[in-house]
Every structure is written in structure tokens, then in C-alpha cells.
Amino acid sequence: MLLLLLAFGIVACALPLVRRWLHNGMFIVAALVSAAAFVVTILQGPAVLAGGEVRETLEWLPQVSMNLDLRVDALSWVLALIVTGVGALVLLYCARYFKRDEADLGRFAAILLAFAGVMYGLVIADNLYLLFIFWELTSVFSYLLVGHYTGRRASRGAAMQALMVTVFGGLTMFVGFVMLHAQSGTALLGELIADPPEFDALVITAIMLVLVGVATKSALVPFHFWLPGAMAAPTPVSAYLHAAAMVKAGVYLVARLAPGFAEMPGWREVLVVFGVFTMLVGGWRSLRQHDLKLILAYGTVSQLGFMTTVVAFGTHDAALAGITLVVAHACFKAALFLIVGMIDHRTGTRDIRKLSGLGRSAPMLVVVTTLALASMSGLPPLIGFVAKEGLLGAFLQAGEHGNAWGWVALIGVALGSAFTVAYSLRFLWGAFSRKPGVESVQYVPEHLDFMVSPAILAIVSVVFGLAAPLVNVPAGLYAGTLPSLDPEHPAYLALWHGFEPPLFISLGTIVLGSLMFAGRRTVANLQAKVPSIIESARGYWTAINVVDLISARVTAATQRGSLPFYIGTIVVVFAATMGITLLMADWPQLPPIEWSWVQLVVVVVMSIAAIAATRSRKRFQGVVLVGVTGYAMAVIFALHGAPDLAITQTLIETITLVVFVLVLRRLPATHLERKENLPAWVRWGIGLAVGIALGAVALFAIASRTVTPDSVAFPVLASEGGHGQNIVNVTLVDLRGWDTMGELSVLIAAATGIASLIYLNTRYANRGSPKQLVRPPRFTLTASPITDVIQVPGRTTQNPERPARQARDHQKVWLLAGKSLAPENRSILLEVVVRLVFHALFIASLFLLFSGHNAPGGGFAGGIVAGLALATRYLAGGRHELDLAMRIDAGRLLGIGLLFATVTALVPVILGFGPLTSTYIDTEVPFIGEFVFVTSTLFDIGVYLICIALAIDILRSLGSEVDIQAEATDRDEGARSDDGELQVMPVGNVHDHPVLAPTSTAADGADGGDGDNSGGPHEGGGRE
């Protein structure tokens, strides 16, 4: 069964790809998948019909009872046959129904097949949460199918309406499922029904919430309005989703829960009332329609109420007739919708006021339609008659045994059946009769294959009616799970039970329905006089408009574009809720608080810095003060014996300062004073409240610990399992490696997000590839007192001092791109220091990487140190210095790092171990000594590379790219004067950061190199 679900998904994904070769033949491929599931279900029949079950289970999240539990018993076997069999016929019908050139047909076929798969999964799911997933997927796929004609407003509106109603009901049902799970202790439907919990108020509430989902999915009043609206979908969708499959999900769930909950207070009363009312409302509205599809749509609403009433009644006889009615409805209603599609396809209309004389030109269509309508009306010898007579007998029996709801159901179903006969005759007359004054339609004869699907469904209705005992076997197995009011004489399915009361009641409904049709004008006049006091669709749109209005008002009041307001709202709510909770809670005994004078000094410094940061008017000053609090926290970590945390905190604060500096150079130096801000004392109060609340939560959480934490075992696990002495590092790359994998994904997403926000196109869209960055661009004009060229109007002369000065500068340059900076922006001292410490920092980063398994450090700390080393190159020499120091694309390095981590995680799986399982080599190497290598170090290398790539991306986006865009802005504003003459631009920086001047002209470039201002690697710095 799991393989079948997988096949549905795989083929559905492939259908859009193969459409260009198969065209409408892809529907035949889809039909074969559904037919294969039908055959597999048939093969499960012997085991099921023998009273057994077919089960499959795949553990997924057993801790929360979320497993792939599948079960096929008699009830799900019947529904699975309906879903797969009718699905195959509808998909086959689609191959002829749609034109080959229809837009988005591949997507439509994929979604329809996927829907068949999830509906199959729904009826065989034995886990509450798995059933809910399939339940909501049917709503999503229904939305996509109903809205297939995306260019039509009616389709989009109907799709959204169906989605809103059914998803709302599904979420309500989910709450009920959670409550049932909590009360019963099991998430398996079979166990829940076999041993239901006590019917207390909580369980009754849970079941009523589930029934809300049933009512929305199966279009019971007052949620019935979405189903007729969904007729905007293509006719095959209506035939499958809204006749044979999706709308039966609610009926199926009621039938599934009935053996365990039918005797619960409120179950029978609620479902019988809503079921009967829905049947009458649907039948009443059907008689007022002129569109064949809408006649069937409201008829479907009526039949859904009919089926819900029967399967919910909770007796053996009603259950037997109810399952038979479900089978009959799937056959006749799907056939009728397909027939409507054929009529519309070949006449161009579904309006019964325009259809005339169609019966003579399409006799085979008339025969198939008559069979389907006869089954819907409950005429012998069709399966609809067998089901109708059985349920009338069941209700009559319940009434005779003193159950008043039996009489209510009997009278309501009898009236609803009369409506069914009336709108069945209206459909037959409207589609095929000759009407005076109406021009006869011209019916284009169809190929026989277009008639196959509805003909098979109509024939099945006849066969099942004549061979009712065949249906009695699976239906009887399900009915046996419910109590019988007369165990000595249980009901059974048969075409003829003799002259009994149900037969006469059935004949009475047929006569009454025929009279209603014969006097249709009188009935129509009567209906016109009945005012439409309550209309569910109008209520839905009123509710939607109210929600839109409220959301607009709330959004206008709260989404004001003020970051302080947003943060203030969040922290005030947090402080208030935590404060109230903590004040009402019973506080445990607080643990002793350990402190030292050194720690107290650090806390005081941290507090002063935090307060000063709030009072700072200058942005940069505030950033530095905030950094002081971070460095102080690193000292706290160090004092408590956590060197890894201290190192990491220090490095993070440092790289954060660099990032802030890069951002702040594009912002005003001081904060703006906003007069509409809250008064200072209010902000101070909020800050104190949040601080106190956080401290109290931390104390309460520590004091409330009742069991030994898992971390106590980490030292032993790190030493014996991870073969390392640094518990923190081993935890990150081994014990909790999946957490680190998630963090790496977040880092990569952050780097990509930064790049997408800053770069105009791709990471190197404005600068070329990394290979093109070996030689930085050159100046045209500089403010240097000695220039490479002497420009005279009309000619360019080489400076005679250039060769000698070039030789001298060859020995003076400290950074590769240092000469590219304007003299007033250069700091020789900074260049010397950076050149001296850069390689040392990289060596230190490698030391932290490879020693981190047994000593403080690790890939993260090492990568940040390497990133800081690159940051020094950028701060000293500008963007070209950074590009020359690190010529690899940051995105590529991110991918390499993630590849390292992923391969380390997956290789053990290939070898038969769990993911991220590590091993080690501990051996003696000649002339070196003991050599120890742990495979988790490879994972740490991936972390190291990702951190370096993240630093590069930040420096190139917030640094280099911002420089480039700033230069472009400055050139656009001042490169040429009003008279078009070239202006000498001062070569300097953008907001005090070293920036390269504009590139040289073509003439300058032809010179091959221009000394001081070229800054190329061959000019001054030699090779690194």
C-alpha cells in the first residue's frame, strides 16, 4: 500500500513532463495507475472478506504517535475500490473530454492523479494524524482542480470558497483528534473505536469538533453552499471529487467512528437532524435549477445528507444499507456528471431551457442516463433500490423499537426521496425531451470510447442490483461491528423481500416525486413565494467581508512601520504574560547563587555599557558599547570554565562589530530624534520589566528541574563515543550533529539572503568572475603629486620618472592592492600590521580547527578567525585587496563546506551505520609518534569552510558591493558637468572607507600598466 501511494506521487510528478510526447495519452497512463491500485485492492479481498485485515506500518515519529499506519478492513476496502475504480474511469474519460491543446493540461492530470492517491491514502489510513494530513491534502488538491480555469473569476472564487470552508473544518477536526488522542491514549483509529474512552464532556466536545470537519467536507447544511459553487470546475472534477470521492470523506469518517461512538449522547441527534435537513434543502434547491450540472450538484448535497443520516444511525441494518447506498451513489452520480460533460461537450450548453430533442439523436446516451437516474430514484432492479429499501426498513425497525429518532429519520428520508425522484425526472426531461418553441439541438455523435466510463458505471448499478448478495458480504462485515435491534433476524441485501412496509413506502416516494414533477409549474410557483430568509452563501461572504474589514483595521492600527512599536509590543506582551504566570505559580526552592568579586565587576561593566548604549546619540558609539556587553559575557563564560563559549562569544562580537561598521558607513552618524517616541520613563519601565521577567523565568526554570539532564552523560559519550576531550566540539559535530546541520543550513540561507539583498544580479554581476579580479582596475586621474602620465590637451605623454619610481615601489608595497588606494586613504602602519598578522591568523584558525576535538576551538571558531583575517585585508586595502586575497566565489565555498558536512553524515549510512556515526584512527606513525584522527573532523572542516564563505559573502556584499554602488552613484552625479567636459574627481573614500577610483579609459589600458596607480600583483607586492 505504501508503494501504491508512492506510485501515485511519482507518476503524478512525471505527467507534466511526458505530456509533450503523450498528449492526452497521459490520462491513460494515470488511469493505469489508479486501475493498478484497484486490482491490488481486489487482490486484498480474500483476506478482508474472511474477516481479517491488511496492515502496513512504517515508523516515522513514534514519540508523538505519528507513524504511517495503514489498514484495510471491510469498510476501507469498499471505499478504496470506489476511489480507485471510479478514479480510473474518470481519468480514462478525460483523455477524450479535453482538447489536446488545452492550457495547463499536464498540471491538471498530475493534480487529479495526486488527488486520487491522497483519497486512497485517506480511506486506508489508521492513524488520526495521517488521516488528517490526507484530509487536508484533498482540500488543497480540490482547490487546484476547481480553480483549473485560472483566467475565470468564477473558478478562482469557487476554488477559494471551497478551500476556506473545508480547511476551516479540517483544522477544527484536528483539534478534536488531538483531544481524542489525549483522552484515549492511542492515535490508531482501530484501537480508538474498539475501546473508546468514557463519554465525558471532553470526549463529547472532541467528537463534535470532528463532526464540524465532517459537515464541511461532506457539504452538510449550513456548509453546503461550497459544493454547487465548485461546479465551476471541469466536469471530470465534479464527477470524481464531488460525487465519488472527496465529499464522501466525511461520510466515510462518520461510518468509521459510528461503531465506537454511535451511542454517545448527541451523536445520533446531531447527525440525523443535520442529515435530514441537508437532504430536504438539497432536493428543494435542485428543483429550482436550470443548469444540468447544478441540478446534480444540489442533488449531491441532498444525497450526502441522505448517506450521513443512514451511516450515522448506529444500527446493524442502517449500516448495511448505508454502505450499499455509498456504493450506489458513487456509480450513478459519477455516471450522471460524466453524461452532463458529454452533453455540454457536444451541444455547447447545459441549460435545460435550451436543450430540446436530444433524446432522438442520442439514444444510447438516453439509455445510460435512464439507468443512472433510476438507481438514484430507487427503482428496481438497480442497486439504488436495494439500498433505499434497506434503509427504510432500518428506520422503521428503530421506530418500532421505541427510538423516536427512527421515525424522524424515516419521515425525513421519505420526503427527501420524493424530492430525489422529482429532480431525477426533471433532469431526464430537461436533457432529452422535445420542448415546444425550443429549437432542437444538434448532437454530434461521439466515439464509443467517450461512452465507456459512464456506461460501465450504469451497468455496475444494474449488476449490483441483480447480484445484491455480493454487496452484502463486505457491507455485512462492516455492519456486524454495530448492534442489531433484532439479532435473530438481521437484515440482508436482496432485490426482493416481498410485500413489506419498506416497499410500499418506497413506492409512495416514487408516486409523490412523480406528482411533484408533473405539477412542476405549481411547485415552482410555490417555491417562488417562499422567501430566502437564510442563505448560507450570503452568510459566508458576509463573514469574509467582516474578516477583511477587521484585518484591515487591525493592520492599520498595528502595522505602522515603526520598529520600536513592534519590538515594544512583543516585549510588553512577553513581560505581562510571564509576570502573571510567575506570580500565579507555586515557586520551587531556588538554587544557591554562586558569585565572585571578579564576576561582580564584570557585571557592573556590562550594566554600565548597556545603559550607556541606550543613552548614546551616535550610532558607532552605541555599537561599540553593545560590543562591550558581549565581550563582558565572554569573560563570564571564561570565569565559569567554558573556554569554548568564551572564544566563540569573543569572535562573534568581533565579526559583528565589523558587520556593523560596514553597515553604519551608509547611515547617518547620529540617531534621529523622533518626537512621537514613548517617554523615556515608559521605555525604561518596559526594559526593566522585561529584564526582571527574563531573570525570573531563568531562575524558575533552573529550580523546576526534576530529572537529571541528558548533558550529564555528555563527558562519557564525548570521550568513549566521539573519542574527544572537548565536550562542546564533540557535541556539535557528533552527539548532536543534526542540530549543527540545521544551523549550517541557516547560515547558508543567511548568506544567500544577504547576497540577494545587496547584489543587483548575482554575486559577481558587477565585477566579473573571481579569475578576472587578479588585476584591479586602474585610475584615470588621481590626486597623487607624481602621476604616471602627463595629460596635455590633444596628447598624452609618459612620465619620465615612472620606471625608477616603479622599481622603488616594487620594494615598498605591503599589500597586493595597496597602491590602488588614494594616498590620503592609505595607512602604511595598518598595511604592515595586516601583512604581518594575516598569515598568522590563518595558521591560528587552522590550529583551532584541528585541535578543537580535544582542546578549545573547532571549525566554527577557526572559520571566524579566518574570516576576521580576511576582514583585516579588506579594511586595510579595500575591495580589490579582499578579492586578491581570496579569489574563490563565496557561493562555491559555501557549497563545498556543505558537501563536506553532508558526505560525513551520509557515508556511515552507506556502510550500514546511522548517519553522522564517527570512527577514529589511533596509531603510531614512525618518526612522528601517536597519530589520532576522528572522522567527525571532516564535518568540522565543512563548518570551517562555511564560516569563511559567510565572512567573504558579508565582506563582499556589505563591503565591496556597497562600495561599487556608491561609486556608481557618485560618478552619475559628478562625472560630467553641464557642458560635457570631463571633471577631475577626488580619489577618496565613500564615508571614510578606502574605495578605488573609476577605471581607466581604453587609451590608458593600452599602455599596459601605469606604475603607482595600477596596484596589480606584478607591480609592488610580488607574490604572497
# chains A, B, ... in the order shown; residues from 1 in each chain; ligands from 1
>>> residues_around(residues="region 327-336 of chain A", least_positions_apart="6", cutoff="8 Å", atoms="only C-alpha atoms", output="JSON, numbers by chain")
{"A": [78, 82, 86, 239, 240, 243, 244, 245, 296, 300, 303, 369, 372, 373, 375, 376, 383, 384, 387, 453, 454, 455, 457, 458, 460, 461]}
>>> write_last_selection(atoms="N, CA and C atoms", output="mmCIF file, in the first residue's frame")
data_model
loop_
_atom_site.group_PDB
_atom_site.id
_atom_site.type_symbol
_atom_site.label_atom_id
_atom_site.label_comp_id
_atom_site.auth_asym_id
_atom_site.auth_seq_id
_atom_site.Cartn_x
_atom_site.Cartn_y
_atom_site.Cartn_z
ATOM 1 N N VAL A 78 -14.111 -1.341 0.721
ATOM 2 C CA VAL A 78 -15.173 -0.865 -0.180
ATOM 3 C C VAL A 78 -14.870 0.534 -0.682
ATOM 4 N N ILE A 82 -14.021 2.069 -4.543
ATOM 5 C CA ILE A 82 -14.725 3.198 -5.155
ATOM 6 C C ILE A 82 -13.728 4.243 -5.641
ATOM 7 N N VAL A 86 -13.559 4.225 -9.696
ATOM 8 C CA VAL A 86 -14.148 5.399 -10.331
ATOM 9 C C VAL A 86 -13.048 6.339 -10.803
ATOM 10 N N ALA A 239 -17.326 14.971 -11.364
ATOM 11 C CA ALA A 239 -17.698 13.563 -11.338
ATOM 12 C C ALA A 239 -16.908 12.790 -10.289
ATOM 13 N N TYR A 240 -15.664 13.169 -10.096
ATOM 14 C CA TYR A 240 -14.815 12.400 -9.173
ATOM 15 C C TYR A 240 -14.819 12.984 -7.767
ATOM 16 N N ALA A 243 -18.655 13.771 -6.356
ATOM 17 C CA ALA A 243 -19.681 12.735 -6.441
ATOM 18 C C ALA A 243 -19.173 11.419 -5.861
ATOM 19 N N ALA A 244 -17.943 11.025 -6.217
ATOM 20 C CA ALA A 244 -17.475 9.697 -5.847
ATOM 21 C C ALA A 244 -16.419 9.695 -4.756
ATOM 22 N N ALA A 245 -15.678 10.783 -4.581
ATOM 23 C CA ALA A 245 -14.504 10.700 -3.718
ATOM 24 C C ALA A 245 -14.521 11.699 -2.572
ATOM 25 N N LEU A 296 -27.577 18.354 -10.585
ATOM 26 C CA LEU A 296 -26.848 17.249 -9.969
ATOM 27 C C LEU A 296 -26.096 17.708 -8.724
ATOM 28 N N THR A 300 -26.502 16.176 -5.225
ATOM 29 C CA THR A 300 -25.404 15.587 -4.452
ATOM 30 C C THR A 300 -25.463 16.039 -3.001
ATOM 31 N N GLN A 303 -28.126 13.967 -1.433
ATOM 32 C CA GLN A 303 -27.699 12.593 -1.224
ATOM 33 C C GLN A 303 -26.658 12.472 -0.108
ATOM 34 N N THR A 369 -28.286 7.272 -19.221
ATOM 35 C CA THR A 369 -28.790 8.267 -18.267
ATOM 36 C C THR A 369 -29.984 7.726 -17.496
ATOM 37 N N ALA A 372 -28.883 5.342 -14.747
ATOM 38 C CA ALA A 372 -28.299 6.031 -13.610
ATOM 39 C C ALA A 372 -29.357 6.760 -12.791
ATOM 40 N N LEU A 373 -30.307 7.421 -13.473
ATOM 41 C CA LEU A 373 -31.363 8.137 -12.752
ATOM 42 C C LEU A 373 -32.297 7.176 -12.039
ATOM 43 N N SER A 375 -31.437 4.336 -10.709
ATOM 44 C CA SER A 375 -30.750 3.923 -9.489
ATOM 45 C C SER A 375 -30.812 5.021 -8.432
ATOM 46 N N MET A 376 -30.650 6.284 -8.853
ATOM 47 C CA MET A 376 -30.710 7.398 -7.900
ATOM 48 C C MET A 376 -32.106 7.529 -7.307
ATOM 49 N N ILE A 383 -29.160 -1.075 -7.909
ATOM 50 C CA ILE A 383 -28.606 -1.120 -6.561
ATOM 51 C C ILE A 383 -29.181 -0.008 -5.686
ATOM 52 N N GLY A 384 -29.560 1.127 -6.302
ATOM 53 C CA GLY A 384 -30.175 2.191 -5.524
ATOM 54 C C GLY A 384 -31.462 1.750 -4.854
ATOM 55 N N ALA A 387 -30.578 -0.413 -1.746
ATOM 56 C CA ALA A 387 -30.138 0.401 -0.610
ATOM 57 C C ALA A 387 -31.299 1.161 0.008
ATOM 58 N N SER A 453 -16.873 5.048 -19.919
ATOM 59 C CA SER A 453 -16.873 5.244 -18.461
ATOM 60 C C SER A 453 -18.277 5.364 -17.891
ATOM 61 N N PRO A 454 -19.145 6.258 -18.392
ATOM 62 C CA PRO A 454 -20.496 6.302 -17.813
ATOM 63 C C PRO A 454 -21.281 5.017 -18.045
ATOM 64 N N ALA A 455 -21.061 4.348 -19.181
ATOM 65 C CA ALA A 455 -21.784 3.104 -19.445
ATOM 66 C C ALA A 455 -21.394 2.029 -18.440
ATOM 67 N N LEU A 457 -20.297 2.452 -15.386
ATOM 68 C CA LEU A 457 -20.870 2.798 -14.088
ATOM 69 C C LEU A 457 -22.361 2.480 -14.041
ATOM 70 N N ALA A 458 -23.080 2.746 -15.136
ATOM 71 C CA ALA A 458 -24.509 2.430 -15.160
ATOM 72 C C ALA A 458 -24.736 0.927 -15.129
ATOM 73 N N VAL A 460 -22.750 -1.320 -13.838
ATOM 74 C CA VAL A 460 -22.439 -1.804 -12.489
ATOM 75 C C VAL A 460 -23.630 -1.603 -11.565
ATOM 76 N N SER A 461 -24.350 -0.494 -11.733
ATOM 77 C CA SER A 461 -25.542 -0.260 -10.912
ATOM 78 C C SER A 461 -26.576 -1.364 -11.127
#
>>> residues_around(residues="Ile593 (chain A)", least_positions_apart="5", cutoff="12 Å", atoms="only C-alpha atoms", output="JSON, numbers by chain")
{"A": [699, 702, 703]}
>>> write_last_selection(atoms="C-alpha atoms", output="CSV table (one decimal), in the first residue's frame")
chain,number,residue,atom,x,y,z
A,699,LEU,CA,15.6,31.1,37.9
A,702,ILE,CA,16.5,26.1,36.8
A,703,ALA,CA,14.7,25.5,40.1
>>> atom_distance(atom1="CA of Val463 (chain A)", atom2="CA of Ala31 (chain A)")
22.9 Å
>>> residues_around(residues="Val834 (chain A)", least_positions_apart="6", cutoff="9 Å", atoms="only C-alpha atoms", output="list in words")
Trp814, Leu815, Ala869, Thr872, Arg873 and Ala876 of chain A
>>> closest_residue(among="A:Arg288, A:Arg152, A:His723, A:Arg256", to="Asn854 (chain A)", atoms="only C-alpha atoms")
A:His723
>>> closest_residue(among="A:Ile608, A:Leu821, A:Leu113, A:Val270", to="Leu220 (chain A)", atoms="only C-alpha atoms")
A:Val270
>>> atom_distance(atom1="CA of Val413 (chain A)", atom2="CA of Leu320 (chain A)")
16.3 Å
>>> residues_around(residues="region 200-207 of chain A", least_positions_apart="5", cutoff="7 Å", atoms="only C-alpha atoms", output="PyMOL selection string")
chain A and resi 176-177+179-180
>>> write_last_selection(atoms="C-alpha atoms", output="compact mmCIF listing (two decimals), in the first residue's frame")
# COMPACT_ATOMS: atom_id res chain seq x y z
CA GLY A 176 -10.88 17.06 18.08
CA PHE A 177 -8.36 14.41 17.04
CA MET A 179 -8.33 15.72 22.30
CA LEU A 180 -9.38 12.15 21.46
>>> closest_residue(among="A:Ala219, A:Leu477, A:Ala258, A:Leu112", to="Tyr298 (chain A)", atoms="only C-alpha atoms")
A:Ala219
>>> residues_around(residues="Val54 (chain A)", least_positions_apart="5", cutoff="12 Å", atoms="only C-alpha atoms", output="list in words")
Met1, Val40, Thr41, Leu43, Gln44, Gly45, Pro46, Ala47, Val48, Leu49, Asp69, Leu70, Arg71, Val72, Asp73, Ala74, Ser76, Trp77, Ile124, Ala125 and Asp126 of chain A
>>> write_last_selection(atoms="N, CA and C atoms", output="compact mmCIF listing (two decimals), in the first residue's frame")
# COMPACT_ATOMS: atom_id res chain seq x y z
N MET A 1 0.82 -1.21 0.00
CA MET A 1 0.00 0.00 0.00
C MET A 1 0.86 1.26 0.00
N VAL A 40 -4.94 -4.23 -7.03
CA VAL A 40 -4.31 -4.62 -5.76
C VAL A 40 -5.35 -4.70 -4.66
N THR A 41 -6.29 -3.76 -4.65
CA THR A 41 -7.35 -3.79 -3.64
C THR A 41 -8.23 -5.01 -3.82
N LEU A 43 -7.25 -7.84 -4.99
CA LEU A 43 -6.47 -8.98 -4.51
C LEU A 43 -6.42 -9.07 -2.99
N GLN A 44 -6.66 -7.96 -2.32
CA GLN A 44 -6.73 -7.99 -0.86
C GLN A 44 -8.08 -8.51 -0.38
N GLY A 45 -9.02 -8.69 -1.32
CA GLY A 45 -10.37 -9.08 -0.97
C GLY A 45 -10.48 -10.37 -0.18
N PRO A 46 -9.82 -11.47 -0.60
CA PRO A 46 -9.98 -12.72 0.16
C PRO A 46 -9.64 -12.58 1.64
N ALA A 47 -8.57 -11.86 1.94
CA ALA A 47 -8.20 -11.69 3.35
C ALA A 47 -9.23 -10.85 4.08
N VAL A 48 -9.71 -9.80 3.43
CA VAL A 48 -10.67 -8.90 4.07
C VAL A 48 -12.03 -9.58 4.23
N LEU A 49 -12.49 -10.23 3.18
CA LEU A 49 -13.82 -10.86 3.23
C LEU A 49 -13.86 -12.06 4.14
N ASP A 69 0.63 4.39 9.52
CA ASP A 69 -0.16 3.19 9.84
C ASP A 69 -1.30 3.09 8.83
N LEU A 70 -1.30 2.01 8.06
CA LEU A 70 -2.33 1.78 7.04
C LEU A 70 -3.06 0.49 7.37
N ARG A 71 -4.37 0.51 7.17
CA ARG A 71 -5.19 -0.67 7.48
C ARG A 71 -6.34 -0.77 6.50
N VAL A 72 -6.55 -1.95 5.98
CA VAL A 72 -7.68 -2.22 5.08
C VAL A 72 -8.56 -3.26 5.75
N ASP A 73 -9.77 -2.83 6.14
CA ASP A 73 -10.78 -3.76 6.62
C ASP A 73 -11.96 -3.69 5.65
N ALA A 74 -13.10 -4.19 6.04
CA ALA A 74 -14.24 -4.25 5.11
C ALA A 74 -14.66 -2.85 4.65
N SER A 76 -12.93 0.16 4.70
CA SER A 76 -11.93 0.84 3.86
C SER A 76 -11.72 0.10 2.55
N TRP A 77 -11.96 -1.21 2.51
CA TRP A 77 -11.83 -1.97 1.26
C TRP A 77 -12.88 -1.50 0.25
N ILE A 124 -7.54 4.41 3.77
CA ILE A 124 -6.81 3.27 4.36
C ILE A 124 -5.95 3.70 5.54
N ALA A 125 -5.93 4.99 5.87
CA ALA A 125 -5.12 5.47 7.00
C ALA A 125 -5.73 5.01 8.31
N ASP A 126 -4.89 4.49 9.21
CA ASP A 126 -5.35 4.05 10.52
C ASP A 126 -4.85 4.96 11.63
>>> residues_around(residues="region 743-760 of chain A", least_positions_apart="5", cutoff="7 Å", atoms="only C-alpha atoms", output="number ranges by chain")
A: 894, 950, 953, 957, 961
>>> residues_around(residues="region 677-691 of chain A", least_positions_apart="4", cutoff="9 Å", atoms="only C-alpha atoms", output="ChimeraX atom specification")
/A:564-565,568,571-572,574-576,579,673,695-696
>>> atom_distance(atom1="CA of Ala162 (chain A)", atom2="CA of Glu102 (chain A)")
24.2 Å
>>> select_by_dssp(residues="region 68-224 of chain A", states="strand (DSSP E or B)", output="JSON, numbers by chain")
{"A": [68, 69, 70, 71, 72, 125, 127, 188]}
>>> select_by_dssp(residues="region 113-337 of chain A", states="helix (DSSP H, G or I)", output="MDAnalysis selection string")
chainID A and resid 113:124 128:146 153:184 189:194 201:217 226:232 235:244 248:261 267:286 292:312 316:337
>>> closest_residue(among="A:Val523, A:Val452, A:Met606, A:Ser704", to="Val628 (chain A)", atoms="only C-alpha atoms")
A:Met606
